[in-house]
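In what follows, a structure is listed as structure tokens, so that the remarks can point back to it.
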Amino acid sequence: MPSLFDSSDNDSIQERVNKLTSDTKPLWGKMNATEMLAHLQQPVLVAFGELKIKRGVLGFLFGKIAKKQMLADKPFKQNMPTVKEFRVSAKNFSNEKNTLLSYVERFKKGPQIITSDPHPFFGKMTLEEWDTLQWKHLDHHLRQFGV
């Protein structure tokens, strides 16, 4: 599995982000490119411990099962539901793109940037699991926009 902590893998994600334009259309889903870039920032902020979301009942009940499925060695399914905290409005493509790129770049500093807090849905996660989840989420939405 690729890793955002690996410089080469990280660079490949950033190259894909840089291929996006404000006019890039999704192959599925409802978000435009600007909204998608803003959306991608939210789970990364959770991984950094900078966005705190309370763990709900569904997470306690189904988090471990869902985590196994999400971390499996296959891409995320299309049109999965988005948690309300990750539905954000965005208007400036360039700002959202630059912010996301700066967050992705931070992963090159290594695993110490990741929170020790449990994930708000999946619960306790290893550094590798945080990394895999972030990479797969980025890859999912970049594929959504054909890059």
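Ordered as shown in the structure tokens, chains take letters A, B, and onward, while each chain numbers its residues from 1 and ligands are numbered from 1 in the order shown.
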key: Contacts of A:Ala38 within 8 Å, only C-alpha atoms, excl. fewer than 2 positions in-chain, as JSON, numbers by chain   = {"A": [34, 35, 36, 40, 41, 42, 88, 89, 90, 96, 97, 100]}
Deliver the residues from the most recent selection as a file, using all heavy atoms, as a CSV table (one decimal), in the first residue's frame.
```csv
chain,number,residue,atom,x,y,z
A,34,THR,N,-13.7,22.2,-6.3
A,34,THR,CA,-13.3,23.1,-5.2
A,34,THR,C,-13.9,22.5,-3.9
A,34,THR,O,-13.1,22.4,-2.9
A,34,THR,CB,-13.9,24.5,-5.4
A,34,THR,OG1,-13.4,25.0,-6.7
A,34,THR,CG2,-13.5,25.4,-4.3
A,35,GLU,N,-15.1,22.0,-3.9
A,35,GLU,CA,-15.7,21.4,-2.8
A,35,GLU,C,-14.9,20.1,-2.4
A,35,GLU,O,-14.7,19.8,-1.2
A,35,GLU,CB,-17.2,21.1,-3.0
A,35,GLU,CG,-18.0,22.3,-3.2
A,35,GLU,CD,-19.4,22.0,-3.7
A,35,GLU,OE1,-19.6,21.0,-4.5
A,35,GLU,OE2,-20.3,22.8,-3.4
A,36,MET,N,-14.5,19.4,-3.4
A,36,MET,CA,-13.8,18.1,-3.1
A,36,MET,C,-12.5,18.4,-2.4
A,36,MET,O,-12.1,17.7,-1.4
A,36,MET,CB,-13.6,17.4,-4.4
A,36,MET,CG,-12.8,16.0,-4.3
A,36,MET,SD,-11.0,16.2,-4.4
A,36,MET,CE,-10.8,16.6,-6.1
A,40,LEU,N,-11.5,17.1,1.3
A,40,LEU,CA,-10.3,16.2,1.6
A,40,LEU,C,-9.5,16.8,2.8
A,40,LEU,O,-8.8,16.0,3.4
A,40,LEU,CB,-9.4,16.1,0.4
A,40,LEU,CG,-9.9,15.2,-0.7
A,40,LEU,CD1,-9.0,15.3,-2.0
A,40,LEU,CD2,-10.0,13.8,-0.2
A,41,GLN,N,-9.6,18.0,3.0
A,41,GLN,CA,-8.8,18.6,4.1
A,41,GLN,C,-9.3,18.1,5.5
A,41,GLN,O,-8.5,18.0,6.5
A,41,GLN,CB,-8.9,20.1,4.1
A,41,GLN,CG,-8.2,20.7,2.9
A,41,GLN,CD,-8.5,22.2,2.7
A,41,GLN,OE1,-8.7,22.9,3.7
A,41,GLN,NE2,-8.7,22.7,1.5
A,42,GLN,N,-10.6,17.9,5.6
A,42,GLN,CA,-11.2,17.6,6.9
A,42,GLN,C,-10.7,16.3,7.6
A,42,GLN,O,-10.3,16.4,8.7
A,42,GLN,CB,-12.7,17.6,6.8
A,42,GLN,CG,-13.3,18.9,6.2
A,42,GLN,CD,-12.7,20.2,6.7
A,42,GLN,OE1,-12.8,20.4,7.9
A,42,GLN,NE2,-12.2,21.0,5.8
A,88,VAL,N,-18.3,20.6,3.6
A,88,VAL,CA,-17.9,22.0,3.8
A,88,VAL,C,-18.1,22.8,2.5
A,88,VAL,O,-18.0,22.2,1.4
A,88,VAL,CB,-16.5,22.1,4.3
A,88,VAL,CG1,-16.3,21.5,5.7
A,88,VAL,CG2,-15.5,21.4,3.3
A,89,SER,N,-18.4,24.0,2.7
A,89,SER,CA,-18.6,24.9,1.5
A,89,SER,C,-17.2,25.5,1.1
A,89,SER,O,-16.4,25.7,2.0
A,89,SER,CB,-19.6,26.0,1.7
A,89,SER,OG,-19.2,26.8,2.8
A,90,ALA,N,-17.0,25.7,-0.1
A,90,ALA,CA,-15.7,26.3,-0.6
A,90,ALA,C,-16.0,27.1,-1.9
A,90,ALA,O,-16.8,26.7,-2.7
A,90,ALA,CB,-14.8,25.2,-0.9
A,96,GLU,N,-8.1,26.4,-1.8
A,96,GLU,CA,-8.4,25.0,-1.3
A,96,GLU,C,-7.3,24.0,-1.8
A,96,GLU,O,-6.9,23.2,-1.0
A,96,GLU,CB,-9.8,24.5,-1.7
A,96,GLU,CG,-10.9,25.4,-1.3
A,96,GLU,CD,-11.0,25.5,0.2
A,96,GLU,OE1,-10.5,24.7,1.0
A,96,GLU,OE2,-11.7,26.5,0.7
A,97,LYS,N,-6.9,24.2,-3.0
A,97,LYS,CA,-5.8,23.4,-3.6
A,97,LYS,C,-4.5,23.6,-2.8
A,97,LYS,O,-3.9,22.6,-2.4
A,97,LYS,CB,-5.7,23.7,-5.0
A,97,LYS,CG,-4.6,22.9,-5.7
A,97,LYS,CD,-4.6,23.2,-7.2
A,97,LYS,CE,-3.5,22.7,-8.0
A,97,LYS,NZ,-3.5,23.1,-9.4
A,100,LEU,N,-4.7,22.0,0.8
A,100,LEU,CA,-4.6,20.6,0.7
A,100,LEU,C,-3.2,20.2,0.4
A,100,LEU,O,-2.7,19.3,1.1
A,100,LEU,CB,-5.6,20.0,-0.3
A,100,LEU,CG,-5.5,18.5,-0.4
A,100,LEU,CD1,-5.9,17.8,0.9
A,100,LEU,CD2,-6.4,18.0,-1.5
```
ask   = Excluding same-chain residues fewer than 4 positions from stretch 80-83 of chain A, what lies within 10 Å of it counting only C-alpha atoms, as a ChimeraX atom specification?
value = /A:29,39,76,87
request  = Do a neighbour search on A:Leu27 at 9 Å with only C-alpha atoms, toss out local chain neighbours closer than 6 positions, and write the hits as a PyMOL selection string.
outcome  = chain A and resi 143-146
Long-range neighbours of A:Thr132 as a PyMOL selection string, 9 Å cut-off, only C-alpha atoms, 6 positions minimum in chain = chain A and resi 1-4+71
query = Got a sec: who's within 9 Å of A:Lys52, counting only C-alpha atoms, leaving out chain neighbours fewer than 6 positions off, as a count of residues only?
reply = 3
What parts of stretch 65-112 of chain A does DSSP call helix (DSSP H, G or I)? I'd like the answer as a tab-separated table (two decimals) with all heavy atoms, in the first residue's frame.
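Output below, filename result_32.tsv:
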```
chain	number	residue	atom	x	y	z
A	65	ILE	N	-15.69	-3.04	12.55
A	65	ILE	CA	-16.04	-3.79	11.33
A	65	ILE	C	-15.80	-2.92	10.11
A	65	ILE	O	-15.21	-3.36	9.12
A	65	ILE	CB	-17.52	-4.24	11.39
A	65	ILE	CG1	-17.71	-5.24	12.52
A	65	ILE	CG2	-17.97	-4.82	10.06
A	65	ILE	CD1	-19.15	-5.51	12.87
A	66	ALA	N	-16.26	-1.67	10.17
A	66	ALA	CA	-16.09	-0.75	9.04
A	66	ALA	C	-14.62	-0.47	8.79
A	66	ALA	O	-14.19	-0.35	7.63
A	66	ALA	CB	-16.85	0.55	9.30
A	67	LYS	N	-13.83	-0.36	9.85
A	67	LYS	CA	-12.40	-0.08	9.70
A	67	LYS	C	-11.73	-1.18	8.88
A	67	LYS	O	-10.95	-0.89	7.97
A	67	LYS	CB	-11.73	0.06	11.07
A	67	LYS	CG	-10.24	0.34	10.98
A	67	LYS	CD	-9.64	0.71	12.33
A	67	LYS	CE	-9.39	-0.47	13.19
A	67	LYS	NZ	-8.54	-0.17	14.36
A	68	LYS	N	-12.05	-2.43	9.17
A	68	LYS	CA	-11.47	-3.54	8.40
A	68	LYS	C	-11.78	-3.40	6.91
A	68	LYS	O	-10.94	-3.61	6.06
A	68	LYS	CB	-11.98	-4.88	8.92
A	68	LYS	CG	-11.29	-5.36	10.15
A	68	LYS	CD	-11.76	-6.76	10.50
A	68	LYS	CE	-10.99	-7.27	11.70
A	68	LYS	NZ	-11.37	-8.64	12.05
A	69	GLN	N	-13.04	-3.05	6.61
A	69	GLN	CA	-13.45	-2.92	5.21
A	69	GLN	C	-12.75	-1.73	4.55
A	69	GLN	O	-12.31	-1.83	3.41
A	69	GLN	CB	-14.96	-2.76	5.12
A	69	GLN	CG	-15.72	-4.00	5.51
A	69	GLN	CD	-17.22	-3.79	5.55
A	69	GLN	OE1	-17.71	-2.66	5.54
A	69	GLN	NE2	-17.98	-4.87	5.61
A	70	MET	N	-12.66	-0.62	5.27
A	70	MET	CA	-12.07	0.59	4.69
A	70	MET	C	-10.56	0.44	4.49
A	70	MET	O	-10.00	1.04	3.58
A	70	MET	CB	-12.34	1.80	5.58
A	70	MET	CG	-13.82	2.14	5.71
A	70	MET	SD	-14.62	2.56	4.17
A	70	MET	CE	-14.04	4.22	3.95
A	71	LEU	N	-9.91	-0.36	5.32
A	71	LEU	CA	-8.46	-0.53	5.22
A	71	LEU	C	-8.07	-1.71	4.34
A	71	LEU	O	-6.88	-1.92	4.09
A	71	LEU	CB	-7.85	-0.69	6.62
A	71	LEU	CG	-7.95	0.54	7.51
A	71	LEU	CD1	-7.47	0.22	8.91
A	71	LEU	CD2	-7.20	1.73	6.93
A	84	LYS	N	-21.43	14.67	8.15
A	84	LYS	CA	-21.77	16.09	8.06
A	84	LYS	C	-20.57	16.99	8.33
A	84	LYS	O	-20.45	18.06	7.73
A	84	LYS	CB	-22.93	16.43	8.99
A	84	LYS	CG	-22.62	16.30	10.45
A	84	LYS	CD	-23.78	16.67	11.33
A	84	LYS	CE	-23.38	16.46	12.78
A	84	LYS	NZ	-24.40	16.70	13.72
A	85	GLU	N	-19.66	16.58	9.22
A	85	GLU	CA	-18.50	17.43	9.53
A	85	GLU	C	-17.55	17.58	8.35
A	85	GLU	O	-16.72	18.49	8.33
A	85	GLU	CB	-17.73	16.85	10.73
A	85	GLU	CG	-18.47	16.91	12.03
A	85	GLU	CD	-19.38	15.70	12.29
A	85	GLU	OE1	-19.52	14.84	11.39
A	85	GLU	OE2	-19.95	15.65	13.38
A	86	PHE	N	-17.64	16.69	7.38
A	86	PHE	CA	-16.77	16.75	6.21
A	86	PHE	C	-17.45	17.38	5.00
A	86	PHE	O	-16.87	17.48	3.93
A	86	PHE	CB	-16.26	15.36	5.83
A	86	PHE	CG	-15.37	14.71	6.87
A	86	PHE	CD1	-15.02	13.39	6.74
A	86	PHE	CD2	-14.89	15.41	7.96
A	86	PHE	CE1	-14.20	12.77	7.67
A	86	PHE	CE2	-14.07	14.81	8.91
A	86	PHE	CZ	-13.73	13.48	8.76
A	93	PHE	N	-10.99	27.90	-5.49
A	93	PHE	CA	-10.27	26.69	-5.90
A	93	PHE	C	-8.80	26.76	-5.52
A	93	PHE	O	-8.24	25.83	-4.94
A	93	PHE	CB	-10.43	26.48	-7.41
A	93	PHE	CG	-9.64	25.30	-7.92
A	93	PHE	CD1	-10.15	24.02	-7.83
A	93	PHE	CD2	-8.39	25.49	-8.49
A	93	PHE	CE1	-9.43	22.93	-8.28
A	93	PHE	CE2	-7.66	24.41	-8.96
A	93	PHE	CZ	-8.17	23.13	-8.85
A	94	SER	N	-8.15	27.85	-5.85
A	94	SER	CA	-6.71	27.98	-5.62
A	94	SER	C	-6.37	27.87	-4.13
A	94	SER	O	-5.42	27.18	-3.76
A	94	SER	CB	-6.23	29.32	-6.19
A	94	SER	OG	-4.84	29.36	-6.21
A	95	ASN	N	-7.15	28.53	-3.28
A	95	ASN	CA	-6.90	28.45	-1.84
A	95	ASN	C	-7.07	27.02	-1.33
A	95	ASN	O	-6.24	26.54	-0.53
A	95	ASN	CB	-7.83	29.39	-1.07
A	95	ASN	CG	-7.45	30.84	-1.20
A	95	ASN	OD1	-6.39	31.18	-1.70
A	95	ASN	ND2	-8.35	31.70	-0.77
A	96	GLU	N	-8.14	26.36	-1.75
A	96	GLU	CA	-8.40	25.00	-1.29
A	96	GLU	C	-7.31	24.04	-1.77
A	96	GLU	O	-6.86	23.18	-1.02
A	96	GLU	CB	-9.78	24.51	-1.74
A	96	GLU	CG	-10.94	25.36	-1.27
A	96	GLU	CD	-11.04	25.52	0.24
A	96	GLU	OE1	-10.48	24.70	0.99
A	96	GLU	OE2	-11.70	26.48	0.68
A	97	LYS	N	-6.89	24.21	-3.00
A	97	LYS	CA	-5.84	23.36	-3.55
A	97	LYS	C	-4.52	23.56	-2.80
A	97	LYS	O	-3.87	22.59	-2.39
A	97	LYS	CB	-5.66	23.68	-5.04
A	97	LYS	CG	-4.61	22.86	-5.75
A	97	LYS	CD	-4.60	23.25	-7.22
A	97	LYS	CE	-3.45	22.69	-7.97
A	97	LYS	NZ	-3.46	23.10	-9.38
A	98	ASN	N	-4.14	24.80	-2.58
A	98	ASN	CA	-2.88	25.09	-1.88
A	98	ASN	C	-2.91	24.61	-0.43
A	98	ASN	O	-1.91	24.09	0.08
A	98	ASN	CB	-2.56	26.58	-1.95
A	98	ASN	CG	-2.16	27.02	-3.34
A	98	ASN	OD1	-1.68	26.23	-4.14
A	98	ASN	ND2	-2.40	28.28	-3.65
A	99	THR	N	-4.06	24.75	0.22
A	99	THR	CA	-4.17	24.27	1.60
A	99	THR	C	-4.03	22.75	1.65
A	99	THR	O	-3.29	22.21	2.47
A	99	THR	CB	-5.51	24.72	2.22
A	99	THR	OG1	-5.56	26.14	2.23
A	99	THR	CG2	-5.67	24.19	3.64
A	100	LEU	N	-4.74	22.05	0.76
A	100	LEU	CA	-4.64	20.59	0.73
A	100	LEU	C	-3.20	20.16	0.45
A	100	LEU	O	-2.68	19.26	1.11
A	100	LEU	CB	-5.59	19.99	-0.29
A	100	LEU	CG	-5.51	18.46	-0.40
A	100	LEU	CD1	-5.88	17.79	0.92
A	100	LEU	CD2	-6.37	17.96	-1.54
A	101	LEU	N	-2.57	20.78	-0.53
A	101	LEU	CA	-1.18	20.42	-0.85
A	101	LEU	C	-0.25	20.62	0.36
A	101	LEU	O	0.63	19.79	0.61
A	101	LEU	CB	-0.68	21.23	-2.05
A	101	LEU	CG	-1.26	20.83	-3.40
A	101	LEU	CD1	-0.91	21.86	-4.46
A	101	LEU	CD2	-0.80	19.43	-3.81
A	102	SER	N	-0.47	21.68	1.11
A	102	SER	CA	0.37	21.91	2.30
A	102	SER	C	0.13	20.83	3.36
A	102	SER	O	1.06	20.40	4.03
A	102	SER	CB	0.14	23.31	2.87
A	102	SER	OG	-1.11	23.39	3.53
A	103	TYR	N	-1.11	20.38	3.49
A	103	TYR	CA	-1.41	19.31	4.45
A	103	TYR	C	-0.76	17.99	4.01
A	103	TYR	O	-0.19	17.27	4.83
A	103	TYR	CB	-2.91	19.10	4.59
A	103	TYR	CG	-3.66	20.21	5.27
A	103	TYR	CD1	-5.05	20.22	5.28
A	103	TYR	CD2	-3.02	21.27	5.90
A	103	TYR	CE1	-5.77	21.22	5.91
A	103	TYR	CE2	-3.72	22.28	6.52
A	103	TYR	CZ	-5.09	22.25	6.53
A	103	TYR	OH	-5.80	23.25	7.14
A	104	VAL	N	-0.87	17.66	2.73
A	104	VAL	CA	-0.26	16.43	2.22
A	104	VAL	C	1.25	16.49	2.41
A	104	VAL	O	1.87	15.51	2.84
A	104	VAL	CB	-0.64	16.20	0.74
A	104	VAL	CG1	0.14	15.03	0.15
A	104	VAL	CG2	-2.14	15.96	0.59
A	105	GLU	N	1.85	17.63	2.15
A	105	GLU	CA	3.29	17.80	2.33
A	105	GLU	C	3.71	17.54	3.78
A	105	GLU	O	4.79	16.99	4.02
A	105	GLU	CB	3.69	19.22	1.90
A	105	GLU	CG	5.17	19.52	2.00
A	105	GLU	CD	6.05	18.79	0.99
A	105	GLU	OE1	5.54	18.33	-0.06
A	105	GLU	OE2	7.25	18.68	1.25
A	106	ARG	N	2.87	17.90	4.73
A	106	ARG	CA	3.19	17.70	6.15
A	106	ARG	C	3.44	16.23	6.49
A	106	ARG	O	4.19	15.92	7.41
A	106	ARG	CB	2.08	18.24	7.05
A	106	ARG	CG	2.15	19.74	7.21
A	106	ARG	CD	0.95	20.32	7.90
A	106	ARG	NE	0.79	19.90	9.29
A	106	ARG	CZ	-0.24	20.26	10.05
A	106	ARG	NH1	-1.19	21.04	9.57
A	106	ARG	NH2	-0.33	19.83	11.28
A	107	PHE	N	2.82	15.31	5.75
A	107	PHE	CA	3.02	13.89	6.00
A	107	PHE	C	4.49	13.49	5.82
A	107	PHE	O	4.94	12.51	6.41
A	107	PHE	CB	2.13	13.03	5.10
A	107	PHE	CG	0.74	12.86	5.63
A	107	PHE	CD1	-0.25	13.77	5.32
A	107	PHE	CD2	0.41	11.78	6.44
A	107	PHE	CE1	-1.54	13.62	5.80
A	107	PHE	CE2	-0.88	11.62	6.93
A	107	PHE	CZ	-1.85	12.54	6.61
A	108	LYS	N	5.23	14.21	5.01
A	108	LYS	CA	6.64	13.88	4.79
A	108	LYS	C	7.47	14.04	6.07
A	108	LYS	O	8.56	13.50	6.17
A	108	LYS	CB	7.23	14.76	3.69
A	108	LYS	CG	6.73	14.41	2.30
A	108	LYS	CD	7.42	15.27	1.27
A	108	LYS	CE	6.97	14.96	-0.13
A	108	LYS	NZ	7.64	15.83	-1.12
A	109	LYS	N	6.94	14.75	7.06
A	109	LYS	CA	7.65	14.90	8.33
A	109	LYS	C	7.68	13.60	9.11
A	109	LYS	O	8.48	13.45	10.02
A	109	LYS	CB	7.00	16.00	9.18
A	109	LYS	CG	7.13	17.38	8.59
A	109	LYS	CD	6.44	18.42	9.46
A	109	LYS	CE	6.55	19.80	8.84
A	109	LYS	NZ	5.84	20.80	9.66
A	111	PRO	N	5.49	9.94	10.86
A	111	PRO	CA	4.33	9.53	11.65
A	111	PRO	C	4.07	10.37	12.90
A	111	PRO	O	2.95	10.35	13.41
A	111	PRO	CB	4.66	8.08	12.04
A	111	PRO	CG	5.66	7.62	11.05
A	111	PRO	CD	6.42	8.84	10.64
A	112	GLN	N	5.05	11.08	13.38
A	112	GLN	CA	4.84	11.87	14.61
A	112	GLN	C	3.81	12.98	14.43
A	112	GLN	O	3.34	13.55	15.41
A	112	GLN	CB	6.17	12.45	15.13
A	112	GLN	CG	6.78	13.52	14.28
A	112	GLN	CD	7.67	12.99	13.16
A	112	GLN	OE1	7.72	11.80	12.89
A	112	GLN	NE2	8.37	13.90	12.50
```
request  = Record the distance separating atom CA of A:Asp131 and atom CA of A:Leu51, expressed in Å with one decimal.
outcome  = 16.5 Å
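For the choices A:Asn79, A:Glu50, A:Leu127, A:Ser116, the atom-to-atom distance to A:Trp28 is smallest for A:Asn79 when using only C-alpha atoms.
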task = Can you work out which one of A:Ala47, A:Leu20, A:Leu142, A:Met31 has the shortest atom-to-atom distance to A:Met125, counting only C-alpha atoms?
result =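 Among the listed residues, the smallest separation from A:Met125 belongs to A:Ala47.
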